[in-house]
Every structure is written in C-alpha cells, then in structure tokens.
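Asker: This structure is in structure tokens; I'll ask about it shortly.
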Amino acid sequence: MAMPPRPNPLATARAADWADRAVGALWRKGITAKPPLDPEYLWQVSSRGFAAQDEHAGRSGVEVADFRLRLERLCASLRGEAELNALGHTMAYGQLTSAIRKRHALGRAWRTDPSLPQGDIASPIVVVGQMRAGTTRMHRLLAADPDHAGTRFCDSHNPVPVTPDWRPLKAAAALAIARRINPWLDALHPFGSTRIDEEIGWLATALSPATFEAQWHIPSFVAWSEARDPGPVYAEFARILRTDAATMGNADRPRVLKCPQFAEDLPALLQHFPGARLVVTHRDAAAIVESSVSLVASQMAPQSTRRDLSAITAEWQRKLALRQQRIERALAGFAGQVAHVDFDRLNADWEAEIGHVYAALDMPLSGAALAAMRREQRKAAAGSHTAHKVQIENFAAGEAA
C-alpha cells in the first residue's frame, strides 16, 4: 500500500481516527467497559493463569518492588497528564497488561529453568547515541557480520521463549495493525518481524520510560525515571539477553545491542556487561531534534487530544540535551574500547566508516562480513525510510509558505 502524504508532524491517518471514534462509541453505548488504568486492576487482569512465584523468580526483592512502583507512577501520569483519547487509552492498557504478562511469563520460564538467565555470553557491542543519529544503520551493519549476533524484532517485542516459536507471526500481525494506525511508520523506522532491531521491547517489559515517553505526554513519570537508579531495569535486561542468547543458540557471539535509552543509562548497562565495546554515533544536534520531534509527534498524535508541537519540541530539546550530557559523563569514566561514528561520513562512505569502527575496536573485518553488510545496505536502500527526509523538508516548506 502506498504511503499517503503527511501534511504536518501531527497528522493522523483515517484508520486511527476511525479506531478512536469506534472505541469511544463502544464505551459510550455500554457495549464494552472502559478499562481503568489502575495498577491493581491491571495486575489482577494480567497475572491470571500465573503462579505468585512467577513475579519473583530470578529477581531480587528490590527489583520486584521497582517494577510495582514504576507501574504505579506510570499509571498516575497517564491518568493525570497524558490526555489520552479512546485509542490512546486502549493502546496504553494493551501495552501495560502485556508488560505485566510478559514479566510473569519470564519469571515462570526462569523458575522452570533457572539456568536461562544465568548463562555465559560473549561481551556485547553496544551502539550508543541519540535517536535519529544513525544508530539503527550502524546497529544493523554490525549485526550483519556473521561473527556477531543481533536481536530479531519479534524477540524484542516478546522476549518470552516459546516452542514452537510463533513470535514472528504474532509480531507480523502487530506490525500490520501498527501500519494501519500509522502509515508513516516505516518511513520513521524500517521494521520487519524477523529483522534485526533494537531491544526497546526488553526495556518496556521492565517499564523503562523509553517506549512510553515517545508516545504519551507523561512528564512526571519521565522526571521520576530520570532521577531514579535504572539498575533494576538493566538487571532484568541482562537476564532477558542471556535467555534470548540461550534460546537462539548464539551466546558465543557478541550481541550487537542498540537503544537510544542507553545514552541515558549507560553506567547501569555497563555494570552488567563490563567488557562491552562501544560504538558512539554523532550527528548535528539541530537535525537530531528535527527528526526526533517528527517521530514523536507521529506517535503521539493518534493517541491524545493534546496537539502541542511546540511543547513536544521543547521536551525533546531538553531530553536530547540530557542524554548528551550523560553520554559524555559515562564515556569520561569508561576505560574500554570505543569507536566514534560520524553521521555524515557514514552517509558518504559507509564502508570506510565501518573500517574505522573495526580498527578502533580491534576487530577483524572479513570479506564475509562486508558481503553481508552490502546485502543489508541494499535492503535498507529499497525501504521507505528515505521518505522521512522528504516529509521533514515538506514540513519546513509548509511553514515558510
């Protein structure tokens, strides 16, 4: 299906508007009840079918309490600040109940096989940088190397191992729905059910703010999260990574990890992976803000009655500045191997930039790796992501007119 025009950053698709009206009508007519975004209610609904021990298996008491507190704080922010419409309320309910169910399901898996979250893994390669700064491209190039491993989108979306593995089919269905709600999705970030992707789903499972603040206006939860020790989130992340590596049979290969949230929390991540090698991406700050605002506005607009582009811009200027400060602070105290990537150089000659990265990290760049990366580049070139640059240019032209 052809991508429709996107006249402004807060544009919404017909399917999203229809879904919002349809859900609201169902609630008003009493056909279905509007589910409350209440922690106790969400917990009661989502923990059905699980044992009480599944909340605790493999986790410390501090980590169990952290998740409960995060849920309480996030629900309060959603109710009091987000100004969700019917579609947004439904999506928030779905994402929170899913996080609770996955947390229990992971606990059940770890209770059944305690070795899953404790296995040895190769030290990862971590791509660190601002969103919209070339992190996805660098992530997928590095993960294409047959000597490395990456995380499939479907496994980030649902980290609970299952047999048979139906996760690719379920993730494909979720993406199909998401593309109906937001037909510009693949211009913002090229998705694929089994394509290598960032581990933001694992962070969401632990209620890190990363995926939520890009969808909803939740300033009190964001501020609380920024001031809070993210250690419990990354303890869960590390368990999930080891579980995924054991399930996929690639624990002996360095996993290439990537999520813009790492920029905010790097010391907590490195505490669990002290031997990690870092690849840090750089791009002009103004271009990062412009692209980030476009992405966030596209996700927020269908879910809220709040349509304030200037507020979104101000918040992400603040957020990106905070992340930059934290990157610089973390790198200043990091004694391991670091490679720096320039966005413009990556665009101009990606093979040369990859060569610099491998040299900086003291890694051999094989012919097989380059061949796989060239295939990844061809796949990326055939995608829809270049449409985002055109959208931004059209936004600017419309403002100037």
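By order of appearance in the structure tokens: chains A, B, ..., then residues from 1 within every chain, and ligands from 1 in the order shown.
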Which residues, written as number ranges by chain, have at least one atom at most 9 Å from Phe262 in chain A, with only C-alpha atoms counted and residues fewer than 2 positions away on the same chain left out?
Answerer: A: 126-129, 258-260, 264-269, 323, 327
Asker: Tell me which protein, DNA and RNA residues are within 10 Å of Pro5 in chain A, counting only C-alpha atoms, leaving out same-chain ones fewer than 4 positions away, and put them as JSON, numbers by chain.
Answerer: {"A": [11, 13, 183, 184, 391, 394]}
Asker: With all heavy atoms retained, export the selected residues as a PDB file, in the first residue's frame.
Answerer:
```
ATOM      1  N   ALA A  11      -0.153  15.061  11.850  1.00  0.00           N
ATOM      2  CA  ALA A  11      -1.180  14.453  11.005  1.00  0.00           C
ATOM      3  C   ALA A  11      -1.517  13.052  11.523  1.00  0.00           C
ATOM      4  O   ALA A  11      -0.653  12.336  12.042  1.00  0.00           O
ATOM      5  CB  ALA A  11      -0.697  14.374   9.561  1.00  0.00           C
ATOM      6  N   ALA A  13      -3.820   9.330  10.547  1.00  0.00           N
ATOM      7  CA  ALA A  13      -4.390   8.554   9.456  1.00  0.00           C
ATOM      8  C   ALA A  13      -5.880   8.333   9.672  1.00  0.00           C
ATOM      9  O   ALA A  13      -6.374   8.349  10.807  1.00  0.00           O
ATOM     10  CB  ALA A  13      -3.678   7.208   9.353  1.00  0.00           C
ATOM     11  N   PRO A 183       0.479   4.962   9.015  1.00  0.00           N
ATOM     12  CA  PRO A 183       1.005   4.511   7.724  1.00  0.00           C
ATOM     13  C   PRO A 183       2.385   5.060   7.395  1.00  0.00           C
ATOM     14  O   PRO A 183       2.982   4.667   6.382  1.00  0.00           O
ATOM     15  CB  PRO A 183      -0.044   5.015   6.732  1.00  0.00           C
ATOM     16  CG  PRO A 183      -0.664   6.197   7.406  1.00  0.00           C
ATOM     17  CD  PRO A 183      -0.677   5.853   8.870  1.00  0.00           C
ATOM     18  N   TRP A 184       2.904   5.965   8.224  1.00  0.00           N
ATOM     19  CA  TRP A 184       4.244   6.527   8.018  1.00  0.00           C
ATOM     20  C   TRP A 184       5.296   5.805   8.856  1.00  0.00           C
ATOM     21  O   TRP A 184       6.451   6.226   8.917  1.00  0.00           O
ATOM     22  CB  TRP A 184       4.224   8.011   8.353  1.00  0.00           C
ATOM     23  CG  TRP A 184       3.148   8.742   7.585  1.00  0.00           C
ATOM     24  CD1 TRP A 184       3.119   8.978   6.234  1.00  0.00           C
ATOM     25  CD2 TRP A 184       1.927   9.269   8.106  1.00  0.00           C
ATOM     26  NE1 TRP A 184       1.964   9.643   5.892  1.00  0.00           N
ATOM     27  CE2 TRP A 184       1.201   9.836   7.014  1.00  0.00           C
ATOM     28  CE3 TRP A 184       1.363   9.331   9.376  1.00  0.00           C
ATOM     29  CZ2 TRP A 184      -0.037  10.448   7.169  1.00  0.00           C
ATOM     30  CZ3 TRP A 184       0.121   9.930   9.538  1.00  0.00           C
ATOM     31  CH2 TRP A 184      -0.561  10.478   8.431  1.00  0.00           C
ATOM     32  N   GLN A 391       9.503  14.212   4.066  1.00  0.00           N
ATOM     33  CA  GLN A 391       8.446  14.721   4.927  1.00  0.00           C
ATOM     34  C   GLN A 391       8.912  15.955   5.701  1.00  0.00           C
ATOM     35  O   GLN A 391       8.201  16.979   5.760  1.00  0.00           O
ATOM     36  CB  GLN A 391       7.986  13.636   5.899  1.00  0.00           C
ATOM     37  CG  GLN A 391       7.226  12.493   5.275  1.00  0.00           C
ATOM     38  CD  GLN A 391       6.965  11.366   6.248  1.00  0.00           C
ATOM     39  OE1 GLN A 391       7.257  11.470   7.445  1.00  0.00           O
ATOM     40  NE2 GLN A 391       6.404  10.270   5.745  1.00  0.00           N
ATOM     41  N   ASN A 394       9.160  18.933   3.547  1.00  0.00           N
ATOM     42  CA  ASN A 394       7.833  19.460   3.233  1.00  0.00           C
ATOM     43  C   ASN A 394       7.237  20.216   4.414  1.00  0.00           C
ATOM     44  O   ASN A 394       6.546  21.221   4.219  1.00  0.00           O
ATOM     45  CB  ASN A 394       6.904  18.333   2.815  1.00  0.00           C
ATOM     46  CG  ASN A 394       7.243  17.746   1.459  1.00  0.00           C
ATOM     47  OD1 ASN A 394       7.934  18.377   0.670  1.00  0.00           O
ATOM     48  ND2 ASN A 394       6.782  16.533   1.189  1.00  0.00           N
TER      49      ASN A 394
END
```
Asker: Got a sec to tell me which of range 284-383 of chain A DSSP assigns to strand (DSSP E or B), as a PyMOL selection string?
Answerer: chain A and resi 304+338-342
Asker: What lies within 8 Å of Ala57 in chain A using only C-alpha atoms, ignoring chain neighbours under 3 positions off, as a list in words?
Answerer: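 My reading of the contact set: Gln53, Asp54, Gly107, Arg108, Trp110 and Arg111 of chain A.
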Asker: Store the residues picked out above in a file with all heavy atoms, as a CSV table (one decimal), in the first residue's frame.
Answerer:
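Generated file (out35.csv):
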```csv
chain,number,residue,atom,x,y,z
A,53,GLN,N,4.7,-17.1,42.5
A,53,GLN,CA,6.2,-17.1,42.4
A,53,GLN,C,6.7,-16.5,41.1
A,53,GLN,O,7.9,-16.2,41.1
A,53,GLN,CB,6.7,-18.5,42.6
A,53,GLN,CG,6.1,-19.3,43.8
A,53,GLN,CD,4.9,-20.1,43.4
A,53,GLN,OE1,3.9,-19.6,43.1
A,53,GLN,NE2,5.1,-21.5,43.5
A,54,ASP,N,5.9,-16.5,40.1
A,54,ASP,CA,6.4,-16.0,38.8
A,54,ASP,C,6.8,-14.5,38.8
A,54,ASP,O,7.6,-14.1,38.0
A,54,ASP,CB,5.3,-16.2,37.7
A,54,ASP,CG,5.1,-17.7,37.5
A,54,ASP,OD1,6.0,-18.5,37.8
A,54,ASP,OD2,4.0,-18.1,37.0
A,107,GLY,N,9.3,-14.9,34.4
A,107,GLY,CA,9.5,-15.5,35.7
A,107,GLY,C,9.2,-17.0,35.7
A,107,GLY,O,9.9,-17.8,36.3
A,108,ARG,N,8.1,-17.3,35.1
A,108,ARG,CA,7.8,-18.8,35.0
A,108,ARG,C,8.8,-19.6,34.3
A,108,ARG,O,9.2,-20.7,34.7
A,108,ARG,CB,6.4,-18.9,34.3
A,108,ARG,CG,6.0,-20.4,34.2
A,108,ARG,CD,4.5,-20.4,33.8
A,108,ARG,NE,4.2,-19.8,32.5
A,108,ARG,CZ,3.0,-19.6,32.0
A,108,ARG,NH1,1.9,-19.9,32.8
A,108,ARG,NH2,2.9,-19.1,30.8
A,110,TRP,N,12.0,-18.8,34.0
A,110,TRP,CA,13.2,-18.8,34.9
A,110,TRP,C,13.0,-19.8,36.0
A,110,TRP,O,14.0,-20.4,36.5
A,110,TRP,CB,13.6,-17.4,35.3
A,110,TRP,CG,13.9,-16.5,34.1
A,110,TRP,CD1,14.4,-16.9,32.9
A,110,TRP,CD2,13.9,-15.1,34.1
A,110,TRP,NE1,14.6,-15.8,32.1
A,110,TRP,CE2,14.3,-14.7,32.8
A,110,TRP,CE3,13.5,-14.1,35.0
A,110,TRP,CZ2,14.3,-13.4,32.4
A,110,TRP,CZ3,13.5,-12.8,34.6
A,110,TRP,CH2,14.0,-12.4,33.3
A,111,ARG,N,11.8,-19.9,36.5
A,111,ARG,CA,11.5,-20.8,37.6
A,111,ARG,C,11.6,-22.2,37.1
A,111,ARG,O,12.1,-23.1,37.8
A,111,ARG,CB,10.1,-20.5,38.2
A,111,ARG,CG,9.7,-21.3,39.4
A,111,ARG,CD,8.5,-20.7,40.1
A,111,ARG,NE,7.4,-20.5,39.2
A,111,ARG,CZ,6.4,-21.4,39.0
A,111,ARG,NH1,6.5,-22.6,39.6
A,111,ARG,NH2,5.4,-21.2,38.2
```
Asker: Which one is closest to Val341 in chain A: A:Ala206, A:Leu175, A:Ala133, A:Leu295? Count only C-alpha atoms.
Answerer: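 Nearest candidate to Val341 in chain A out of A:Ala206, A:Leu175, A:Ala133, A:Leu295: A:Ala133.
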Asker: Arg14 in chain A: which residues within 10 Å, counting only C-alpha atoms, same-chain residues fewer than 4 positions away excluded, as a VMD selection string?
Answerer: chain A and resid 18 to 20 180 to 183 302
Asker: Filtering to N, CA, C and O atoms, could you give me those residues as a PDB file, in the first residue's frame?
Answerer:
```pdb
ATOM      1  N   TRP A  18     -10.727   6.628  12.779  1.00  0.00           N
ATOM      2  CA  TRP A  18     -11.869   5.728  12.825  1.00  0.00           C
ATOM      3  C   TRP A  18     -11.814   4.848  14.065  1.00  0.00           C
ATOM      4  O   TRP A  18     -12.829   4.647  14.754  1.00  0.00           O
ATOM      5  N   ALA A  19     -10.632   4.294  14.366  1.00  0.00           N
ATOM      6  CA  ALA A  19     -10.498   3.429  15.532  1.00  0.00           C
ATOM      7  C   ALA A  19     -10.809   4.191  16.816  1.00  0.00           C
ATOM      8  O   ALA A  19     -11.476   3.660  17.720  1.00  0.00           O
ATOM      9  N   ASP A  20     -10.361   5.442  16.905  1.00  0.00           N
ATOM     10  CA  ASP A  20     -10.631   6.252  18.089  1.00  0.00           C
ATOM     11  C   ASP A  20     -12.137   6.464  18.257  1.00  0.00           C
ATOM     12  O   ASP A  20     -12.684   6.286  19.357  1.00  0.00           O
ATOM     13  N   ARG A 180      -1.438   0.295   9.914  1.00  0.00           N
ATOM     14  CA  ARG A 180      -2.747   0.861   9.612  1.00  0.00           C
ATOM     15  C   ARG A 180      -2.988   2.117  10.450  1.00  0.00           C
ATOM     16  O   ARG A 180      -3.495   3.119   9.957  1.00  0.00           O
ATOM     17  N   ILE A 181      -2.608   2.041  11.717  1.00  0.00           N
ATOM     18  CA  ILE A 181      -2.786   3.186  12.619  1.00  0.00           C
ATOM     19  C   ILE A 181      -1.851   4.324  12.227  1.00  0.00           C
ATOM     20  O   ILE A 181      -2.223   5.497  12.257  1.00  0.00           O
ATOM     21  N   ASN A 182      -0.624   3.970  11.847  1.00  0.00           N
ATOM     22  CA  ASN A 182       0.369   4.972  11.464  1.00  0.00           C
ATOM     23  C   ASN A 182       1.016   4.539  10.147  1.00  0.00           C
ATOM     24  O   ASN A 182       2.021   3.814  10.145  1.00  0.00           O
ATOM     25  N   PRO A 183       0.479   4.962   9.015  1.00  0.00           N
ATOM     26  CA  PRO A 183       1.005   4.511   7.724  1.00  0.00           C
ATOM     27  C   PRO A 183       2.385   5.060   7.395  1.00  0.00           C
ATOM     28  O   PRO A 183       2.982   4.667   6.382  1.00  0.00           O
ATOM     29  N   PRO A 302      -2.015  10.274  17.208  1.00  0.00           N
ATOM     30  CA  PRO A 302      -3.205   9.423  17.157  1.00  0.00           C
ATOM     31  C   PRO A 302      -3.739   9.026  18.523  1.00  0.00           C
ATOM     32  O   PRO A 302      -4.861   8.515  18.613  1.00  0.00           O
TER      33      PRO A 302
END
```
Asker: May I ask which of the residues A:Thr243, A:Gln337, A:Gln130, A:Asn8 is the closest one to Gly275 in chain A, counting only C-alpha atoms?
Answerer: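 Nearest candidate to Gly275 in chain A out of A:Thr243, A:Gln337, A:Gln130, A:Asn8: A:Gln337.
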Asker: Quick one, how far is CA of Ala99 in chain A from CA of Ala204 in chain A?
Answerer: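 Taking CA of Ala99 in chain A and CA of Ala204 in chain A, their separation equals 7.0 Å.
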Asker: Using the chain letters and numbers from this document, which residues of range 112-339 of chain A does DSSP assign to alpha helix (DSSP H), as a ChimeraX atom specification?
Answerer: /A:112,135-144,153-157,167-181,185-188,200-205,210-213,219-227,231-248,262-272,285-300,309-332
Asker: Using C-alpha atoms, can you export the residues from the last selection as a short mmCIF file (atom, residue, chain, number, x, y, z; two decimals), in the first residue's frame?
Answerer:
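What ended up in out-v9.cif:
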```cif
data_model
loop_
_atom_site.label_atom_id
_atom_site.label_comp_id
_atom_site.auth_asym_id
_atom_site.auth_seq_id
_atom_site.Cartn_x
_atom_site.Cartn_y
_atom_site.Cartn_z
CA THR A 112 11.26 -23.79 35.28
CA THR A 135 22.22 4.20 15.39
CA THR A 136 19.86 1.86 13.50
CA ARG A 137 22.03 1.79 10.40
CA MET A 138 25.20 1.15 12.38
CA HIS A 139 23.42 -1.46 14.51
CA ARG A 140 22.22 -3.44 11.50
CA LEU A 141 25.54 -3.23 9.70
CA LEU A 142 27.42 -4.58 12.70
CA ALA A 143 24.83 -7.27 13.35
CA ALA A 144 25.05 -8.41 9.72
CA PHE A 153 12.24 -7.53 16.25
CA CYS A 154 9.82 -10.30 17.22
CA ASP A 155 12.07 -11.31 20.12
CA SER A 156 12.39 -7.75 21.35
CA HIS A 157 8.62 -7.40 21.05
CA ARG A 167 6.61 -14.92 17.77
CA PRO A 168 7.45 -13.94 14.16
CA LEU A 169 3.81 -14.42 13.14
CA LYS A 170 2.46 -12.52 16.13
CA ALA A 171 4.92 -9.66 15.59
CA ALA A 172 3.99 -9.50 11.90
CA ALA A 173 0.33 -9.17 12.86
CA ALA A 174 1.17 -6.42 15.36
CA LEU A 175 3.17 -4.55 12.73
CA ALA A 176 0.30 -4.82 10.24
CA ILE A 177 -2.03 -3.17 12.75
CA ALA A 178 0.55 -0.54 13.64
CA ARG A 179 0.99 0.34 9.97
CA ARG A 180 -2.75 0.86 9.61
CA ILE A 181 -2.79 3.19 12.62
CA LEU A 185 5.76 4.04 10.45
CA ASP A 186 8.33 2.53 8.10
CA ALA A 187 9.49 5.96 6.98
CA LEU A 188 10.28 6.72 10.61
CA ILE A 200 13.48 -1.34 23.33
CA GLY A 201 10.88 -4.06 23.91
CA TRP A 202 13.02 -5.55 26.66
CA LEU A 203 13.24 -2.16 28.35
CA ALA A 204 9.47 -1.70 28.04
CA THR A 205 8.96 -5.09 29.70
CA ALA A 210 11.90 4.75 26.59
CA THR A 211 8.94 3.50 24.58
CA PHE A 212 6.30 5.30 26.64
CA GLU A 213 7.64 8.86 26.59
CA PRO A 219 6.25 14.40 32.31
CA SER A 220 6.00 13.36 35.97
CA PHE A 221 6.86 9.73 35.19
CA VAL A 222 9.70 10.81 32.91
CA ALA A 223 11.17 13.16 35.53
CA TRP A 224 10.88 10.50 38.22
CA SER A 225 12.52 7.90 35.98
CA GLU A 226 15.39 10.22 35.00
CA ALA A 227 16.18 10.77 38.69
CA GLY A 231 19.74 -0.64 37.91
CA PRO A 232 16.68 -2.91 38.33
CA VAL A 233 15.68 -2.30 34.70
CA TYR A 234 19.09 -3.39 33.41
CA ALA A 235 19.24 -6.38 35.75
CA GLU A 236 16.07 -7.59 34.00
CA PHE A 237 17.54 -6.62 30.63
CA ALA A 238 20.65 -8.72 31.31
CA ARG A 239 18.53 -11.73 32.27
CA ILE A 240 16.48 -11.38 29.09
CA LEU A 241 19.62 -11.13 26.94
CA ARG A 242 21.05 -14.30 28.45
CA THR A 243 17.71 -16.05 27.98
CA ASP A 244 17.50 -14.95 24.36
CA ALA A 245 21.10 -15.99 23.68
CA ALA A 246 20.47 -19.43 25.14
CA THR A 247 17.23 -19.80 23.18
CA MET A 248 18.74 -18.66 19.87
CA PHE A 262 21.28 3.52 26.60
CA ALA A 263 22.56 7.08 26.20
CA GLU A 264 20.69 7.96 29.37
CA ASP A 265 21.57 4.86 31.37
CA LEU A 266 24.97 3.71 30.11
CA PRO A 267 26.65 3.10 33.52
CA ALA A 268 23.78 0.83 34.59
CA LEU A 269 24.07 -1.18 31.37
CA LEU A 270 27.86 -1.46 31.63
CA GLN A 271 27.60 -2.68 35.21
CA HIS A 272 26.18 -5.91 33.80
CA ALA A 285 22.14 18.46 17.13
CA ALA A 286 19.59 20.54 15.21
CA ALA A 287 19.00 17.73 12.72
CA ILE A 288 18.56 15.24 15.57
CA VAL A 289 15.93 17.43 17.24
CA GLU A 290 14.04 17.99 14.00
CA SER A 291 13.90 14.29 13.16
CA SER A 292 13.11 13.24 16.75
CA VAL A 293 10.21 15.67 17.04
CA SER A 294 8.77 14.35 13.79
CA LEU A 295 8.94 10.78 15.06
CA VAL A 296 7.46 11.53 18.49
CA ALA A 297 4.68 13.73 17.08
CA SER A 298 3.69 10.96 14.69
CA GLN A 299 3.28 8.53 17.60
CA MET A 300 1.58 10.93 20.00
CA LEU A 309 4.03 20.66 18.67
CA SER A 310 5.93 23.43 20.47
CA ALA A 311 5.66 21.51 23.75
CA ILE A 312 6.90 18.33 22.08
CA THR A 313 9.81 20.27 20.59
CA ALA A 314 10.77 21.83 23.91
CA GLU A 315 10.61 18.49 25.72
CA TRP A 316 12.80 16.70 23.20
CA GLN A 317 15.31 19.52 23.11
CA ARG A 318 15.58 19.03 26.87
CA LYS A 319 15.65 15.25 26.65
CA LEU A 320 18.31 15.12 23.95
CA ALA A 321 20.49 17.60 25.84
CA LEU A 322 20.20 15.44 28.97
CA ARG A 323 21.18 12.33 27.04
CA GLN A 324 24.17 14.08 25.52
CA GLN A 325 25.37 15.15 28.95
CA ARG A 326 25.01 11.62 30.24
CA ILE A 327 26.83 10.11 27.26
CA GLU A 328 29.77 12.44 27.79
CA ARG A 329 29.86 11.76 31.53
CA ALA A 330 29.74 7.99 31.03
CA LEU A 331 32.43 8.00 28.35
CA ALA A 332 34.71 10.07 30.54
#
```
Asker: To one decimal place in Å, what is the distance between CA of Glu199 in chain A and CA of Leu84 in chain A?
Answerer: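 Answer for the CA of Glu199 in chain A to CA of Leu84 in chain A separation: 25.9 Å.
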Asker: Give the answer as one residue: which of A:Met91, A:Ile218, A:Ala109, A:Leu116 has the shortest atom-to-atom distance to Phe50 in chain A, using only C-alpha atoms?
Answerer: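 Of the candidates, the smallest distance to Phe50 in chain A is held by A:Ala109.
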Asker: For Glu83 in chain A, work out the shell of residues within 10 Å, counting only C-alpha atoms and skipping chain neighbours fewer than 3 positions away, then give it as a list in words.
Answerer: Ser77, Leu78, Arg79, Gly80, Ala86, Gly88, His89, Trp216, His217, Ile218, Gln303, Ser304, Thr305, Arg306 and Arg307 of chain A
Asker: State, in Å with one decimal place, the distance from CA of Arg103 in chain A to CA of Pro274 in chain A.
Answerer: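 Atom-to-atom, CA of Arg103 in chain A and CA of Pro274 in chain A are spaced 25.4 Å apart.
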Asker: Which neighbours of Gly336 in chain A fall inside 10 Å, counting only C-alpha atoms, when residues of the same chain fewer than 2 positions from it are skipped, and could you give them as a list in words?
Answerer: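 That gives Pro274, Gly275, Ala276, Arg277, Leu278, Leu331, Gly333, Phe334, Val338 and Leu361 of chain A.
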Asker: I need the chosen residues saved as a short mmCIF file (atom, residue, chain, number, x, y, z; two decimals), in the first residue's frame, with N, CA, C and O atoms.
Answerer:
```cif
data_model
loop_
_atom_site.label_atom_id
_atom_site.label_comp_id
_atom_site.auth_asym_id
_atom_site.auth_seq_id
_atom_site.Cartn_x
_atom_site.Cartn_y
_atom_site.Cartn_z
N PRO A 274 30.62 -5.38 31.74
CA PRO A 274 31.82 -4.53 31.87
C PRO A 274 32.81 -4.67 30.73
O PRO A 274 33.63 -3.79 30.51
N GLY A 275 32.74 -5.78 29.98
CA GLY A 275 33.66 -5.97 28.86
C GLY A 275 33.12 -5.48 27.53
O GLY A 275 33.72 -5.73 26.48
N ALA A 276 32.00 -4.76 27.56
CA ALA A 276 31.37 -4.29 26.32
C ALA A 276 32.27 -3.33 25.56
O ALA A 276 33.04 -2.56 26.16
N ARG A 277 32.17 -3.39 24.23
CA ARG A 277 32.80 -2.39 23.36
C ARG A 277 31.71 -1.44 22.88
O ARG A 277 30.59 -1.86 22.59
N LEU A 278 32.05 -0.15 22.80
CA LEU A 278 31.06 0.87 22.48
C LEU A 278 31.28 1.45 21.09
O LEU A 278 32.42 1.70 20.68
N LEU A 331 31.22 8.28 29.13
CA LEU A 331 32.43 8.00 28.35
C LEU A 331 33.69 8.47 29.06
O LEU A 331 34.75 7.86 28.94
N GLY A 333 34.34 8.23 32.08
CA GLY A 333 34.76 7.25 33.07
C GLY A 333 34.89 5.84 32.53
O GLY A 333 35.04 4.89 33.31
N PHE A 334 34.85 5.68 31.20
CA PHE A 334 34.89 4.35 30.59
C PHE A 334 36.29 4.06 30.08
O PHE A 334 36.86 4.84 29.30
N VAL A 338 36.31 2.12 22.44
CA VAL A 338 35.25 2.98 21.92
C VAL A 338 35.57 3.34 20.47
O VAL A 338 36.70 3.70 20.14
N LEU A 361 37.99 -0.81 17.35
CA LEU A 361 37.60 -1.86 18.30
C LEU A 361 38.51 -3.08 18.21
O LEU A 361 38.26 -4.08 18.89
#
```
Asker: Could you tell me which of A:Leu346, A:Ala22, A:Ala122, A:Ala214 comes closest to Asn250 in chain A if we count only C-alpha atoms?
Answerer: A:Ala122
Asker: Tell me which of A:Pro124, A:Pro190, A:Gly355, A:Gly58 sits closest to Gly367 in chain A, counting only C-alpha atoms.
Answerer: A:Gly355
Asker: Return the single residue from A:Ser193, A:Pro39, A:Asp252, A:Ala368 that is closest to Ala76 in chain A, with distances computed using only C-alpha atoms.
Answerer: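 The shortest atom-to-atom distance to Ala76 in chain A comes from A:Pro39.
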Asker: Need to verify the contact set: Ser47 in chain A, 9 Å, only C-alpha atoms, exclusion of same-chain residues closer than 5 positions in sequence. Can you return it as number ranges by chain?
Answerer: A: 42, 52, 55, 97, 100-101, 104
